[in-house]
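Student: Below are the structure tokens for one structure; questions will follow.
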Amino acid sequence: MRRLLITGVSGFLGWNIARLARHEWDVMGTYFSVKRQIAQTAFTAIDTGRIDLTDFREMREMMAMVKPHAVIHTAALTDPNYCETHADESFRINVEAARNLAGLCGDREIPFVFTSTDLVFDGTQAPYREDDPITPISVYGEHKAQAEMEILERYALAAVCRMPLMFGRRSPSHVSFLQWMVDKMERGDRLPLFKDEYRTPVDAESAARGLLMIARSALPETQEEEERPPISGRLHLGGPERISRYEFGLLVQEIGQFPNARIDPVNLGDITLAAARPPDVSLDSSRARKLGYDPLPLRAALAQILNITLPQPPATDEEDS
Ligand SMILES: NC(=O)c1ccc[n+]([C@@H]2O[C@H](COP(=O)([O-])OP(=O)(O)OC[C@H]3O[C@@H](n4cnc5c(N)ncnc54)[C@H](OP(=O)(O)O)[C@@H]3O)[C@@H](O)[C@H]2O)c1
């Protein structure tokens with residue numbers, strides 16, 4: 001079996017990728033600050049190792065030991081507000097580590113899939129295509145944009161995947177914003193949600209399938225079998241629908257059937273946070289769709305995650321006969 005290295009497997013997306021990948025790959029995942037005990041009990045089906053990816057020597061030794069056939073890099077500092085006030089720390093993991101890992105993959109000529117973000121855009125010209133000019137307005141967005149550029153300079157065959165807002169099942173140590181919403185709805189707590197902030201969210205399992213498709217495409221045997229070039233360069237893995245945070249909350253309330261939910265529509269201007277928030281970073285993901293990326297519709301994804309069976313549409317006369 002081919003060996004896949006997933007950095008940040010203790011994180012929300014990394015864990016979702018590992019759950020799918022282990023059926024097809026020999027998976028090795030890295031964690032950092034999660035307690036060893038949690039990592040060992042939570043990720044029993046895959047090999048894990050602790051590493052600080054900001055330490056280049058550790059990274060090089062890990063690559064020499066694991067000898068992966070492909071790498072999906074999800075480890076990052078992902079909270080834009082934290083990055084805004086801890087710019088040096090953000091730079092070391094979000095730019096330097098990403099660029100160094102791309103370089104090591106380039107030396108070995110193995111697939112390298114990087115998870116960037118829709119926050120490389122300022123949110124005034126959506127929907128965004130891959131070749132639209134990048135205009136980040138936060139430290140996190142700036143660092144991801146710089147990482148994208150340096151990665152592709154180091155290794156032109158790298159795939160730089162811009163991820164949208166993601167939701168899904170909680171990993172043993174990280175949650176998505178969906179759990180925050182659900183917890184508040186269950187408790188009947190006030191839930192302020194922006195009605196003027198638009199995204200193209202996707203469930204983490206669909207995103208993971210897309211990232212695995214890209215990693216697989218660049219393996220030499222896949223290219224021989226399918227006679228098509230590896231997927232590389234910039235790629236948008238957005239969800240199928242553009243929706244505001246507020247509308248998303250209403251959808252969660254409807255599908256999850258939370259009678260106590262108290263959703264408050266608010267505007268971006270009503271709340272001050274450390275990092276500036278772009279109003280609309282919806283992604284045009286048609287390039288990825290043409291290559292086989294097929295994310296679930298939001299309703300179906302939410303129903304799956306919340307364990308709800310959606311009512312079937314009434315059968316038509318044709319189906320009856
Ligand atoms: N979640 C989203 O909605 C979203 C949207 C757009 C883009 N993205 C991108 O998708 C990727 C994954 O995001 P996520 O939400 O899954 O992140 P996450 O849950 O915050 O997980 C981050 C991971 O990075 C690891 N990590 C942090 N610092 C490290 C270091 N110095 N050395 C080694 N590992 C380190 C963490 O390990 P420990 O937990 O063990 O410390 C954790 O496994 C990131 O590149 C992010 O920018 C996410």
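Ordering of the structure tokens sets the chain letters (A, B, ...); residue numbers start at 1 within each chain; ligands are numbered from 1 in the order shown.
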Excluding segment 129-132 of chain A and its own-chain neighbours fewer than 4 positions away, which residues fall within 10 Å of it when counting only C-alpha atoms? Please give them as number ranges by chain.

Tutor: A: 121, 125, 160-162, 233-236, 282-287

Student: Write out, as a CSV table (one decimal), in the first residue's frame, the residues just selected, with N, CA and C atoms.

Tutor:
chain,number,residue,atom,x,y,z
A,121,PHE,N,-8.7,36.3,-0.2
A,121,PHE,CA,-9.4,37.3,-0.9
A,121,PHE,C,-10.0,38.3,0.0
A,125,GLN,N,-15.3,40.9,-4.5
A,125,GLN,CA,-15.4,40.6,-5.9
A,125,GLN,C,-15.8,39.1,-6.1
A,160,VAL,N,-2.1,23.6,-4.7
A,160,VAL,CA,-2.5,24.5,-3.7
A,160,VAL,C,-4.0,24.6,-3.6
A,161,CYS,N,-4.6,24.0,-2.6
A,161,CYS,CA,-6.1,23.9,-2.6
A,161,CYS,C,-6.7,25.0,-1.7
A,162,ARG,N,-7.5,25.9,-2.2
A,162,ARG,CA,-8.1,26.9,-1.3
A,162,ARG,C,-9.4,26.3,-0.8
A,233,GLY,N,-1.1,23.1,-9.1
A,233,GLY,CA,-1.4,24.5,-9.2
A,233,GLY,C,-2.5,24.9,-8.2
A,234,ARG,N,-3.1,26.0,-8.5
A,234,ARG,CA,-4.2,26.5,-7.6
A,234,ARG,C,-5.5,25.9,-7.9
A,235,LEU,N,-6.3,25.5,-6.9
A,235,LEU,CA,-7.6,24.9,-7.1
A,235,LEU,C,-8.5,25.3,-6.0
A,236,HIS,N,-9.8,25.6,-6.4
A,236,HIS,CA,-10.8,26.0,-5.4
A,236,HIS,C,-11.6,24.8,-5.0
A,282,SER,N,-17.0,33.8,-1.5
A,282,SER,CA,-17.5,32.6,-2.2
A,282,SER,C,-16.5,32.2,-3.3
A,283,LEU,N,-16.3,30.9,-3.4
A,283,LEU,CA,-15.4,30.4,-4.4
A,283,LEU,C,-16.1,29.8,-5.6
A,284,ASP,N,-15.6,30.1,-6.8
A,284,ASP,CA,-16.0,29.4,-8.0
A,284,ASP,C,-15.1,28.2,-8.1
A,285,SER,N,-15.7,27.0,-8.0
A,285,SER,CA,-14.9,25.8,-7.9
A,285,SER,C,-15.1,24.9,-9.2
A,286,SER,N,-15.4,25.6,-10.3
A,286,SER,CA,-15.7,24.8,-11.5
A,286,SER,C,-14.5,24.1,-12.0
A,287,ARG,N,-13.3,24.6,-11.8
A,287,ARG,CA,-12.1,23.8,-12.3
A,287,ARG,C,-12.0,22.5,-11.5

Student: Using DSSP assignments from the backbone, pull out every residue in segment 72-249 of chain A that falls under strand (DSSP E) and give it to me as a PyMOL selection string.

Tutor: chain A and resi 72-73+112-117+159-163+166-167+190-194+198-199+202-203+233-236+243-244

Student: Take the residues from that selection and write them out as an mmCIF file, in the first residue's frame, keeping N, CA and C atoms.

Tutor:
data_model
loop_
_atom_site.group_PDB
_atom_site.id
_atom_site.type_symbol
_atom_site.label_atom_id
_atom_site.label_comp_id
_atom_site.auth_asym_id
_atom_site.auth_seq_id
_atom_site.Cartn_x
_atom_site.Cartn_y
_atom_site.Cartn_z
ATOM 1 N N ILE A 72 -0.288 15.307 2.399
ATOM 2 C CA ILE A 72 -1.339 16.339 2.465
ATOM 3 C C ILE A 72 -1.052 17.167 3.713
ATOM 4 N N HIS A 73 -0.842 18.447 3.517
ATOM 5 C CA HIS A 73 -0.386 19.322 4.607
ATOM 6 C C HIS A 73 -1.561 20.153 5.131
ATOM 7 N N PHE A 112 2.416 16.794 -3.363
ATOM 8 C CA PHE A 112 2.288 17.642 -2.175
ATOM 9 C C PHE A 112 1.008 18.457 -2.319
ATOM 10 N N VAL A 113 0.090 18.260 -1.375
ATOM 11 C CA VAL A 113 -1.200 18.953 -1.428
ATOM 12 C C VAL A 113 -1.269 19.897 -0.228
ATOM 13 N N PHE A 114 -1.386 21.168 -0.522
ATOM 14 C CA PHE A 114 -1.401 22.197 0.526
ATOM 15 C C PHE A 114 -2.815 22.730 0.713
ATOM 16 N N THR A 115 -3.228 22.907 1.980
ATOM 17 C CA THR A 115 -4.559 23.461 2.235
ATOM 18 C C THR A 115 -4.444 24.953 2.543
ATOM 19 N N SER A 116 -4.849 25.745 1.562
ATOM 20 C CA SER A 116 -4.884 27.198 1.755
ATOM 21 C C SER A 116 -6.308 27.602 2.128
ATOM 22 N N THR A 117 -6.672 28.823 1.868
ATOM 23 C CA THR A 117 -7.964 29.323 2.378
ATOM 24 C C THR A 117 -8.598 30.323 1.421
ATOM 25 N N ALA A 159 0.035 21.011 -5.401
ATOM 26 C CA ALA A 159 -1.363 21.439 -5.553
ATOM 27 C C ALA A 159 -1.694 22.354 -4.379
ATOM 28 N N VAL A 160 -2.141 23.551 -4.698
ATOM 29 C CA VAL A 160 -2.490 24.533 -3.674
ATOM 30 C C VAL A 160 -4.014 24.640 -3.646
ATOM 31 N N CYS A 161 -4.610 24.048 -2.629
ATOM 32 C CA CYS A 161 -6.075 23.948 -2.596
ATOM 33 C C CYS A 161 -6.654 24.992 -1.658
ATOM 34 N N ARG A 162 -7.451 25.876 -2.202
ATOM 35 C CA ARG A 162 -8.093 26.888 -1.350
ATOM 36 C C ARG A 162 -9.381 26.294 -0.791
ATOM 37 N N MET A 163 -9.388 26.152 0.540
ATOM 38 C CA MET A 163 -10.518 25.530 1.203
ATOM 39 C C MET A 163 -11.495 26.615 1.655
ATOM 40 N N MET A 166 -15.382 25.083 6.555
ATOM 41 C CA MET A 166 -15.743 23.653 6.573
ATOM 42 C C MET A 166 -16.479 23.290 7.854
ATOM 43 N N PHE A 167 -17.362 22.315 7.735
ATOM 44 C CA PHE A 167 -18.098 21.835 8.910
ATOM 45 C C PHE A 167 -18.133 20.309 8.851
ATOM 46 N N ARG A 190 -28.390 32.497 23.119
ATOM 47 C CA ARG A 190 -28.424 33.439 21.990
ATOM 48 C C ARG A 190 -27.284 33.104 21.019
ATOM 49 N N LEU A 191 -27.602 33.066 19.721
ATOM 50 C CA LEU A 191 -26.602 32.704 18.715
ATOM 51 C C LEU A 191 -26.540 33.803 17.658
ATOM 52 N N PRO A 192 -25.593 34.764 17.826
ATOM 53 C CA PRO A 192 -25.513 35.847 16.836
ATOM 54 C C PRO A 192 -24.813 35.365 15.568
ATOM 55 N N LEU A 193 -25.427 35.553 14.409
ATOM 56 C CA LEU A 193 -24.826 35.097 13.147
ATOM 57 C C LEU A 193 -24.909 36.205 12.104
ATOM 58 N N PHE A 194 -23.796 36.369 11.365
ATOM 59 C CA PHE A 194 -23.727 37.461 10.388
ATOM 60 C C PHE A 194 -24.670 37.199 9.215
ATOM 61 N N TYR A 198 -20.889 36.096 3.518
ATOM 62 C CA TYR A 198 -21.216 34.957 2.646
ATOM 63 C C TYR A 198 -20.004 34.059 2.411
ATOM 64 N N ARG A 199 -20.279 32.771 2.343
ATOM 65 C CA ARG A 199 -19.243 31.773 2.102
ATOM 66 C C ARG A 199 -19.831 30.678 1.201
ATOM 67 N N VAL A 202 -18.381 23.842 2.898
ATOM 68 C CA VAL A 202 -18.433 22.449 2.442
ATOM 69 C C VAL A 202 -18.240 21.536 3.646
ATOM 70 N N ASP A 203 -18.830 20.360 3.588
ATOM 71 C CA ASP A 203 -18.607 19.401 4.672
ATOM 72 C C ASP A 203 -17.203 18.822 4.531
ATOM 73 N N GLY A 233 -1.051 23.107 -9.129
ATOM 74 C CA GLY A 233 -1.377 24.534 -9.177
ATOM 75 C C GLY A 233 -2.528 24.862 -8.241
ATOM 76 N N ARG A 234 -3.128 26.028 -8.459
ATOM 77 C CA ARG A 234 -4.182 26.501 -7.552
ATOM 78 C C ARG A 234 -5.534 25.903 -7.915
ATOM 79 N N LEU A 235 -6.279 25.546 -6.886
ATOM 80 C CA LEU A 235 -7.558 24.883 -7.107
ATOM 81 C C LEU A 235 -8.531 25.292 -5.993
ATOM 82 N N HIS A 236 -9.758 25.616 -6.362
ATOM 83 C CA HIS A 236 -10.764 25.961 -5.352
ATOM 84 C C HIS A 236 -11.636 24.757 -5.027
ATOM 85 N N ILE A 243 -23.938 30.962 0.734
ATOM 86 C CA ILE A 243 -24.913 31.124 1.815
ATOM 87 C C ILE A 243 -24.314 32.030 2.896
ATOM 88 N N SER A 244 -25.159 32.806 3.582
ATOM 89 C CA SER A 244 -24.641 33.631 4.683
ATOM 90 C C SER A 244 -24.567 32.777 5.954
#

Student: Find the distance between atom CA of Arg169 of chain A and atom CA of Glu24 of chain A and write it in Å to one decimal.

Tutor: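 Distance reported for this atom pair: 20.8 Å.
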
Student: Please give me, as an MDAnalysis selection string, the residues lying within 6 Å of ligand 1 when counting only C-alpha atoms and all ligand atoms.

Tutor: chainID A and resid 8:14 31:34 51:54 74:78 93 115:117 163:166 174

Student: Store the residues of this selection in a file with N, CA and C atoms, as an mmCIF file, in the first residue's frame.

Tutor:
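Output saved as result_4.cif:
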data_model
loop_
_atom_site.group_PDB
_atom_site.id
_atom_site.type_symbol
_atom_site.label_atom_id
_atom_site.label_comp_id
_atom_site.auth_asym_id
_atom_site.auth_seq_id
_atom_site.Cartn_x
_atom_site.Cartn_y
_atom_site.Cartn_z
ATOM 1 N N GLY A 8 -1.009 17.346 10.762
ATOM 2 C CA GLY A 8 -2.176 17.920 11.448
ATOM 3 C C GLY A 8 -3.332 16.941 11.530
ATOM 4 N N VAL A 9 -3.015 15.667 11.743
ATOM 5 C CA VAL A 9 -4.089 14.661 11.759
ATOM 6 C C VAL A 9 -4.937 14.804 13.022
ATOM 7 N N SER A 10 -4.423 15.480 14.035
ATOM 8 C CA SER A 10 -5.222 15.728 15.243
ATOM 9 C C SER A 10 -6.230 16.851 14.998
ATOM 10 N N GLY A 11 -6.070 17.573 13.921
ATOM 11 C CA GLY A 11 -6.955 18.701 13.634
ATOM 12 C C GLY A 11 -8.255 18.243 12.990
ATOM 13 N N PHE A 12 -9.140 19.182 12.792
ATOM 14 C CA PHE A 12 -10.480 18.884 12.280
ATOM 15 C C PHE A 12 -10.427 18.270 10.875
ATOM 16 N N LEU A 13 -9.760 18.918 9.948
ATOM 17 C CA LEU A 13 -9.721 18.407 8.570
ATOM 18 C C LEU A 13 -8.808 17.186 8.458
ATOM 19 N N GLY A 14 -7.639 17.249 9.106
ATOM 20 C CA GLY A 14 -6.685 16.135 9.028
ATOM 21 C C GLY A 14 -7.324 14.827 9.477
ATOM 22 N N TYR A 31 0.783 15.052 14.889
ATOM 23 C CA TYR A 31 0.105 15.962 15.807
ATOM 24 C C TYR A 31 1.175 16.801 16.489
ATOM 25 N N PHE A 32 0.721 17.763 17.280
ATOM 26 C CA PHE A 32 1.702 18.665 17.891
ATOM 27 C C PHE A 32 1.424 18.869 19.383
ATOM 28 N N SER A 33 0.359 19.607 19.711
ATOM 29 C CA SER A 33 0.151 19.945 21.123
ATOM 30 C C SER A 33 -0.858 19.029 21.812
ATOM 31 N N VAL A 34 -1.573 18.241 21.038
ATOM 32 C CA VAL A 34 -2.527 17.305 21.628
ATOM 33 C C VAL A 34 -1.753 16.332 22.512
ATOM 34 N N ILE A 51 5.248 16.018 16.212
ATOM 35 C CA ILE A 51 6.313 16.814 15.604
ATOM 36 C C ILE A 51 5.961 18.292 15.661
ATOM 37 N N ASP A 52 6.996 19.116 15.870
ATOM 38 C CA ASP A 52 6.823 20.552 15.705
ATOM 39 C C ASP A 52 7.327 20.873 14.300
ATOM 40 N N LEU A 53 6.408 21.166 13.414
ATOM 41 C CA LEU A 53 6.793 21.361 12.008
ATOM 42 C C LEU A 53 7.547 22.663 11.782
ATOM 43 N N THR A 54 7.627 23.506 12.802
ATOM 44 C CA THR A 54 8.428 24.717 12.633
ATOM 45 C C THR A 54 9.916 24.415 12.826
ATOM 46 N N THR A 74 -2.088 19.744 6.304
ATOM 47 C CA THR A 74 -3.194 20.519 6.893
ATOM 48 C C THR A 74 -2.770 21.233 8.170
ATOM 49 N N ALA A 75 -1.580 20.902 8.702
ATOM 50 C CA ALA A 75 -1.157 21.526 9.964
ATOM 51 C C ALA A 75 -0.989 23.026 9.751
ATOM 52 N N ALA A 76 -1.528 23.785 10.674
ATOM 53 C CA ALA A 76 -1.482 25.250 10.539
ATOM 54 C C ALA A 76 -1.981 25.884 11.822
ATOM 55 N N LEU A 77 -1.737 27.174 11.961
ATOM 56 C CA LEU A 77 -2.488 27.952 12.953
ATOM 57 C C LEU A 77 -3.673 28.509 12.191
ATOM 58 N N THR A 78 -4.882 28.158 12.612
ATOM 59 C CA THR A 78 -6.037 28.399 11.741
ATOM 60 C C THR A 78 -7.012 29.452 12.260
ATOM 61 N N ILE A 93 4.678 28.662 11.212
ATOM 62 C CA ILE A 93 3.986 27.421 10.799
ATOM 63 C C ILE A 93 3.239 27.616 9.466
ATOM 64 N N THR A 115 -3.228 22.907 1.980
ATOM 65 C CA THR A 115 -4.559 23.461 2.235
ATOM 66 C C THR A 115 -4.444 24.953 2.543
ATOM 67 N N SER A 116 -4.849 25.745 1.562
ATOM 68 C CA SER A 116 -4.884 27.198 1.755
ATOM 69 C C SER A 116 -6.308 27.602 2.128
ATOM 70 N N THR A 117 -6.672 28.823 1.868
ATOM 71 C CA THR A 117 -7.964 29.323 2.378
ATOM 72 C C THR A 117 -8.598 30.323 1.421
ATOM 73 N N MET A 163 -9.388 26.152 0.540
ATOM 74 C CA MET A 163 -10.518 25.530 1.203
ATOM 75 C C MET A 163 -11.495 26.615 1.655
ATOM 76 N N PRO A 164 -12.784 26.290 1.606
ATOM 77 C CA PRO A 164 -13.763 27.240 2.136
ATOM 78 C C PRO A 164 -13.994 26.963 3.617
ATOM 79 N N LEU A 165 -14.947 27.633 4.191
ATOM 80 C CA LEU A 165 -15.388 27.310 5.546
ATOM 81 C C LEU A 165 -15.854 25.848 5.560
ATOM 82 N N MET A 166 -15.382 25.083 6.555
ATOM 83 C CA MET A 166 -15.743 23.653 6.573
ATOM 84 C C MET A 166 -16.479 23.290 7.854
ATOM 85 N N HIS A 174 -10.473 18.448 18.023
ATOM 86 C CA HIS A 174 -10.851 19.738 17.434
ATOM 87 C C HIS A 174 -12.308 19.668 16.953
#

Student: Within 9 Å of segment 245-262 of chain A, counting only C-alpha atoms, which residues show up once you throw out same-chain ones fewer than 5 positions away? Write them as a tab-separated table (two decimals) with N, CA and C atoms, in the first residue's frame, please.

Tutor:
chain	number	residue	atom	x	y	z
A	178	LEU	N	-19.75	24.12	13.45
A	178	LEU	CA	-21.07	23.49	13.53
A	178	LEU	C	-21.38	23.05	14.96
A	181	MET	N	-22.44	25.92	17.01
A	181	MET	CA	-23.83	26.29	16.71
A	181	MET	C	-24.80	25.33	17.39
A	182	VAL	N	-24.55	24.03	17.22
A	182	VAL	CA	-25.47	23.01	17.75
A	182	VAL	C	-25.55	23.10	19.27
A	184	LYS	N	-25.10	25.67	21.17
A	184	LYS	CA	-25.88	26.85	21.56
A	184	LYS	C	-27.37	26.63	21.28
A	185	MET	N	-27.68	26.01	20.15
A	185	MET	CA	-29.09	25.77	19.83
A	185	MET	C	-29.73	24.81	20.83
A	186	GLU	N	-28.98	23.79	21.24
A	186	GLU	CA	-29.53	22.83	22.21
A	186	GLU	C	-29.78	23.48	23.56
A	187	ARG	N	-28.87	24.39	23.94
A	187	ARG	CA	-29.01	25.03	25.25
A	187	ARG	C	-29.99	26.20	25.23
A	188	GLY	N	-30.37	26.62	24.01
A	188	GLY	CA	-31.25	27.79	23.91
A	188	GLY	C	-30.52	29.09	24.16
A	189	ASP	N	-29.18	29.08	23.98
A	189	ASP	CA	-28.40	30.32	24.15
A	189	ASP	C	-28.56	31.20	22.91
A	190	ARG	N	-28.39	32.50	23.12
A	190	ARG	CA	-28.42	33.44	21.99
A	190	ARG	C	-27.28	33.10	21.02
A	191	LEU	N	-27.60	33.07	19.72
A	191	LEU	CA	-26.60	32.70	18.71
A	191	LEU	C	-26.54	33.80	17.66
A	192	PRO	N	-25.59	34.76	17.83
A	192	PRO	CA	-25.51	35.85	16.84
A	192	PRO	C	-24.81	35.37	15.57
A	193	LEU	N	-25.43	35.55	14.41
A	193	LEU	CA	-24.83	35.10	13.15
A	193	LEU	C	-24.91	36.20	12.10
A	194	PHE	N	-23.80	36.37	11.37
A	194	PHE	CA	-23.73	37.46	10.39
A	194	PHE	C	-24.67	37.20	9.22
A	195	LYS	N	-25.50	38.19	8.92
A	195	LYS	CA	-26.35	38.02	7.74
A	195	LYS	C	-25.72	38.64	6.50
A	196	ASP	N	-24.60	39.36	6.68
A	196	ASP	CA	-23.94	39.97	5.53
A	196	ASP	C	-22.54	39.36	5.30
A	197	GLU	N	-22.33	38.13	5.79
A	197	GLU	CA	-21.05	37.45	5.53
A	197	GLU	C	-21.36	36.15	4.77
A	198	TYR	N	-20.89	36.10	3.52
A	198	TYR	CA	-21.22	34.96	2.65
A	198	TYR	C	-20.00	34.06	2.41
A	199	ARG	N	-20.28	32.77	2.34
A	199	ARG	CA	-19.24	31.77	2.10
A	199	ARG	C	-19.83	30.68	1.20
A	298	LEU	N	-25.56	21.05	0.77
A	298	LEU	CA	-25.51	21.35	2.21
A	298	LEU	C	-26.54	20.56	3.02
A	299	ARG	N	-27.77	20.48	2.49
A	299	ARG	CA	-28.82	19.78	3.24
A	299	ARG	C	-28.43	18.33	3.51
A	302	LEU	N	-25.51	18.11	6.02
A	302	LEU	CA	-25.92	18.38	7.41
A	302	LEU	C	-26.73	17.22	7.98
A	303	ALA	N	-27.62	16.68	7.15
A	303	ALA	CA	-28.45	15.56	7.62
A	303	ALA	C	-27.56	14.37	8.00
A	306	LEU	N	-25.69	15.25	11.27
A	306	LEU	CA	-26.57	15.33	12.45
A	306	LEU	C	-27.42	14.07	12.63
A	307	ASN	N	-27.15	13.06	11.78
A	307	ASN	CA	-27.88	11.78	11.84
A	307	ASN	C	-29.39	11.95	11.69
A	308	ILE	N	-29.77	12.72	10.70
A	308	ILE	CA	-31.19	12.96	10.44
A	308	ILE	C	-31.52	12.35	9.08
A	310	LEU	N	-33.59	12.74	5.90
A	310	LEU	CA	-34.39	13.78	5.25
A	310	LEU	C	-35.62	13.14	4.61

Student: Between atom CA of Ser138 of chain A and atom CA of Pro80 of chain A, what is the distance in Å, rounded to a tenth?

Tutor: 7.1 Å
